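> Quick one: structure below, then a few questions.
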Amino acid sequence: MIGQGAGDGKVWERFVALGDSFTEGLSDPHPDEEDRYVGWADRVAATLAMHNSVRGRPFAYANLAIRGRLIDDVVVEQLGPALEMAPDLVSICAGGNDLLQSRTSVAHVVERVEDMVVRIRATGADVLLVTAPDVSWVSMVSRVHPRLVEYTAHAWALAQRTGCLVVDIFTLPSLRDPRMYHPDRIHLSSEGHARVAAQALWTLGLTPTGPGDWREPLGALPALSRREALLADRAWAVDHLRPWLRRHRGGHGGGEGRTAKRPELLPWDHEYDHERYEDSGR
């Protein structure tokens, strides 16, 4: 099976990632640095750097994503700097924090994403657009599932209109597993980020790195009893839901005062980082 971008022999030399905590890499901890995360976008960059190196082509990468950012923040804070870098590939995964809150309409999120896509595509750059995940199976979080379905449908329609490539994580079967997520039930684990990175590379027409088939689910987990499930939901509400609500109260997405982990378009040390980042997700 080949990805959407396969067959044209395209090589990307300037990759910029935009978004929020999902693209910053939470919760895929860096193997060496505290409070720094790897994430699917870094993993994609590592493979692109290796791919280019064997072809004698340069590669540079910037990641402007910051945890907690709302869709308007991404447009205002990240789009301009990204365009100034003259990238030939831009990933957009933004609006998730808005979709988790009912005060912002799905239509507004889609409109803002489309504005970014149109402006980037006008430069000739390719856009890698990421769908929402399927959370219908996640206890408590599943209440936002209809909004994520609606966004995903719009993302595909937007891609058809503008020629984006779509990283379809909504239908990725291996993500329907709690081991692919942090205990907060929102952010991905290292294994989850590795699966999304593989899906993104496949979408670009490249061979995903790492052992096995990223689409295949892990072995089944033992089923929880009704009491165990109830206790788990209560613990999640205390440990994760209440703090999240406090951080996002008043229309703020959280992450105030934080800056992007890789704000400049810089070469990637593929020989070191690719190997280390692959190991950190296994």
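How things are named: the first chain in the structure tokens is A, the next is B, and so on; residues count from 1 in each chain; ligands count from 1 in the order shown.
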So that each row is one residue of range 65-152 of chain A with an atom at most 12 Å from range 180-203 of chain A, can you give its shortest atom pair and the distance in Å to one decimal, using only C-alpha atoms, rows by chain and rising number, as a Markdown table?

```
| residue | atom | partner | partner_atom | distance |
| --- | --- | --- | --- | --- |
| A:Arg67 | CA | A:His187 | CA | 10.5 |
| A:Gly68 | CA | A:His187 | CA | 11.5 |
| A:Ser91 | CA | A:Ala200 | CA | 9.7 |
| A:Ile92 | CA | A:Ala200 | CA | 11.8 |
| A:Cys93 | CA | A:Ala200 | CA | 11.9 |
| A:Gly96 | CA | A:Ile186 | CA | 9.9 |
| A:Asn97 | CA | A:Ile186 | CA | 10.2 |
| A:Leu100 | CA | A:Ile186 | CA | 9.9 |
| A:Val127 | CA | A:Thr203 | CA | 11.3 |
| A:Leu128 | CA | A:Ala200 | CA | 8.0 |
| A:Leu129 | CA | A:Ala200 | CA | 9.5 |
| A:Val130 | CA | A:Ala200 | CA | 8.5 |
| A:Thr131 | CA | A:Val196 | CA | 10.8 |
| A:Ala132 | CA | A:Ile186 | CA | 11.4 |
| A:Pro133 | CA | A:Ile186 | CA | 9.9 |
| A:Asp134 | CA | A:Ile186 | CA | 11.2 |
| A:Val135 | CA | A:Ile186 | CA | 9.1 |
| A:Ser136 | CA | A:Arg185 | CA | 11.9 |
| A:Trp137 | CA | A:Arg185 | CA | 10.9 |
| A:Val138 | CA | A:Arg185 | CA | 7.4 |
| A:Ser139 | CA | A:Arg185 | CA | 8.7 |
| A:Met140 | CA | A:Arg185 | CA | 9.2 |
| A:Val141 | CA | A:Arg185 | CA | 7.3 |
| A:Ser142 | CA | A:Arg185 | CA | 10.2 |
| A:Val144 | CA | A:Ile186 | CA | 11.4 |
```
> Can you tell me, as number ranges by chain, which residues in range 2-215 of chain A count as strand (DSSP E) by DSSP?
A: 14-19, 60-63, 89-93, 126-130, 165-167
> Hey, can you check how far CA of Phe59 in chain A sits from CA of Ala94 in chain A?
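We find that CA of Phe59 in chain A and CA of Ala94 in chain A lie 24.1 Å from each other.
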> List the neighbours of range 72-86 of chain A out to 8 Å using only C-alpha atoms; skip same-chain residues closer than 2 positions along the sequence, and give me the result as a list in words.
Arg14, Val16, Leu18, Gly19, Asp20, Leu64, Ala65, Arg69, Leu70, Asp88, Ala94, Arg112, Met116, Ile120, Thr123 and Leu265 of chain A
> Could the residues in this selection be saved with all heavy atoms as a compact mmCIF listing (two decimals), in the first residue's frame?

```txt
# COMPACT_ATOMS: atom_id res chain seq x y z
N ARG A 14 12.25 22.06 3.50
CA ARG A 14 11.99 23.07 4.54
C ARG A 14 10.60 22.78 5.14
O ARG A 14 9.59 23.16 4.57
CB ARG A 14 12.06 24.47 3.93
CG ARG A 14 13.41 24.78 3.29
CD ARG A 14 13.36 26.05 2.45
NE ARG A 14 13.17 27.25 3.27
CZ ARG A 14 14.15 27.89 3.87
NH1 ARG A 14 15.40 27.47 3.75
NH2 ARG A 14 13.91 28.97 4.58
N VAL A 16 7.90 23.06 8.26
CA VAL A 16 7.48 23.85 9.43
C VAL A 16 6.19 23.26 9.98
O VAL A 16 5.23 23.04 9.23
CB VAL A 16 7.27 25.33 9.08
CG1 VAL A 16 6.80 26.11 10.31
CG2 VAL A 16 8.57 25.94 8.54
N LEU A 18 2.96 23.57 12.60
CA LEU A 18 2.14 24.54 13.33
C LEU A 18 1.13 23.82 14.20
O LEU A 18 0.66 22.73 13.85
CB LEU A 18 1.39 25.46 12.36
CG LEU A 18 2.20 26.14 11.26
CD1 LEU A 18 1.27 27.02 10.41
CD2 LEU A 18 3.33 26.95 11.85
N GLY A 19 0.75 24.45 15.34
CA GLY A 19 -0.30 23.84 16.14
C GLY A 19 -0.17 24.07 17.62
O GLY A 19 0.36 25.08 18.09
N ASP A 20 -0.67 23.07 18.37
CA ASP A 20 -0.73 23.16 19.83
C ASP A 20 0.04 22.00 20.45
O ASP A 20 1.04 21.56 19.90
CB ASP A 20 -2.20 23.19 20.28
CG ASP A 20 -3.03 22.08 19.62
OD1 ASP A 20 -2.48 20.98 19.39
OD2 ASP A 20 -4.23 22.30 19.35
N LEU A 64 6.75 25.36 15.51
CA LEU A 64 6.25 26.56 16.19
C LEU A 64 5.10 26.25 17.13
O LEU A 64 4.56 27.17 17.77
CB LEU A 64 5.79 27.58 15.14
CG LEU A 64 6.81 27.96 14.06
CD1 LEU A 64 6.24 29.07 13.17
CD2 LEU A 64 8.13 28.38 14.67
N ALA A 65 4.71 25.00 17.24
CA ALA A 65 3.56 24.62 18.06
C ALA A 65 3.83 24.85 19.55
O ALA A 65 4.93 24.62 20.04
CB ALA A 65 3.20 23.16 17.83
N ARG A 69 -2.50 26.37 22.83
CA ARG A 69 -2.88 27.43 21.92
C ARG A 69 -4.23 27.13 21.26
O ARG A 69 -4.51 26.01 20.83
CB ARG A 69 -1.82 27.61 20.83
CG ARG A 69 -0.52 28.20 21.35
CD ARG A 69 -0.77 29.55 22.04
NE ARG A 69 0.46 30.27 22.30
CZ ARG A 69 1.05 30.38 23.48
NH1 ARG A 69 0.54 29.77 24.54
NH2 ARG A 69 2.16 31.09 23.62
N LEU A 70 -5.07 28.16 21.18
CA LEU A 70 -6.35 28.10 20.48
C LEU A 70 -6.13 28.42 19.01
O LEU A 70 -5.06 28.89 18.60
CB LEU A 70 -7.34 29.08 21.11
CG LEU A 70 -7.63 28.86 22.60
CD1 LEU A 70 -8.47 30.01 23.15
CD2 LEU A 70 -8.33 27.53 22.84
N ASP A 88 8.58 24.52 2.17
CA ASP A 88 7.93 23.80 1.07
C ASP A 88 6.97 22.73 1.60
O ASP A 88 6.27 22.09 0.81
CB ASP A 88 8.95 23.20 0.11
CG ASP A 88 9.99 22.32 0.79
OD1 ASP A 88 9.78 21.93 1.95
OD2 ASP A 88 11.02 22.02 0.16
N ALA A 94 -4.43 22.09 14.38
CA ALA A 94 -4.80 23.16 15.30
C ALA A 94 -6.32 23.19 15.47
O ALA A 94 -7.06 22.68 14.63
CB ALA A 94 -4.32 24.51 14.75
N ARG A 112 -10.88 29.30 10.14
CA ARG A 112 -9.53 29.76 10.44
C ARG A 112 -8.46 28.83 9.86
O ARG A 112 -7.43 29.27 9.36
CB ARG A 112 -9.35 29.91 11.95
CG ARG A 112 -10.27 30.93 12.58
CD ARG A 112 -9.97 32.33 12.05
NE ARG A 112 -9.01 33.02 12.89
CZ ARG A 112 -8.35 34.11 12.54
NH1 ARG A 112 -8.51 34.61 11.33
NH2 ARG A 112 -7.49 34.69 13.38
N MET A 116 -5.53 29.64 6.86
CA MET A 116 -4.11 29.29 6.90
C MET A 116 -3.71 28.47 5.67
O MET A 116 -2.68 28.73 5.04
CB MET A 116 -3.80 28.51 8.18
CG MET A 116 -3.78 29.35 9.44
SD MET A 116 -3.02 28.48 10.84
CE MET A 116 -4.29 27.25 11.18
N ILE A 120 -0.94 29.46 2.79
CA ILE A 120 0.27 28.65 2.61
C ILE A 120 0.33 28.07 1.20
O ILE A 120 1.38 28.11 0.55
CB ILE A 120 0.30 27.52 3.66
CG1 ILE A 120 0.44 28.10 5.07
CG2 ILE A 120 1.45 26.55 3.37
CD1 ILE A 120 0.17 27.10 6.18
N THR A 123 1.73 30.06 -1.68
CA THR A 123 3.18 30.17 -1.83
C THR A 123 3.76 29.00 -2.63
O THR A 123 4.95 29.00 -2.94
CB THR A 123 3.88 30.21 -0.46
OG1 THR A 123 3.76 28.92 0.17
CG2 THR A 123 3.26 31.27 0.43
N LEU A 265 14.07 27.80 11.60
CA LEU A 265 14.25 26.74 10.61
C LEU A 265 15.74 26.37 10.58
O LEU A 265 16.57 27.10 10.04
CB LEU A 265 13.80 27.24 9.23
CG LEU A 265 13.60 26.20 8.14
CD1 LEU A 265 12.45 25.28 8.48
CD2 LEU A 265 13.32 26.90 6.81
```
> If we count only C-alpha atoms and set the cut-off at 9 Å, which residues sit around Asn63 in chain A, ignoring sequence neighbours fewer than 6 positions away in its own chain? Please answer as a PyMOL selection string.
chain A and resi 15-19+23-24+41-42+260-265
> Tell me, in Å to one decimal, how far CA of Arg57 in chain A is from CA of Val11 in chain A.
8.3 Å
> Between range 76-113 of chain A and range 152-176 of chain A, at 9 Å or less, what are the per-residue closest atom pairs and their distances in Å? Count only C-alpha atoms, order by chain and rising residue number, and return it as a tab-separated table.

```
residue	atom	partner	partner_atom	distance
A:Ala107	CA	A:His154	CA	8.9
A:Val110	CA	A:His154	CA	6.9
A:Val113	CA	A:Ala155	CA	8.8
```
> Taking into account only C-alpha atoms, which residue in the set A:Val149, A:Ala122, A:Ile66, A:Val117 is nearest to Leu26 in chain A?
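That would be A:Ile66, the residue with the smallest distance to Leu26 in chain A.
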> CA of Pro178 in chain A and CA of Pro217 in chain A are how many Å apart?
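Distance between the two atoms: 11.0 Å.
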> What parts of range 87-247 of chain A does DSSP call helix (DSSP H, G or I)? I'd like the answer as a PyMOL selection string.
chain A and resi 96-99+106-121+141-162+173-175+178-180+190-203+226-247
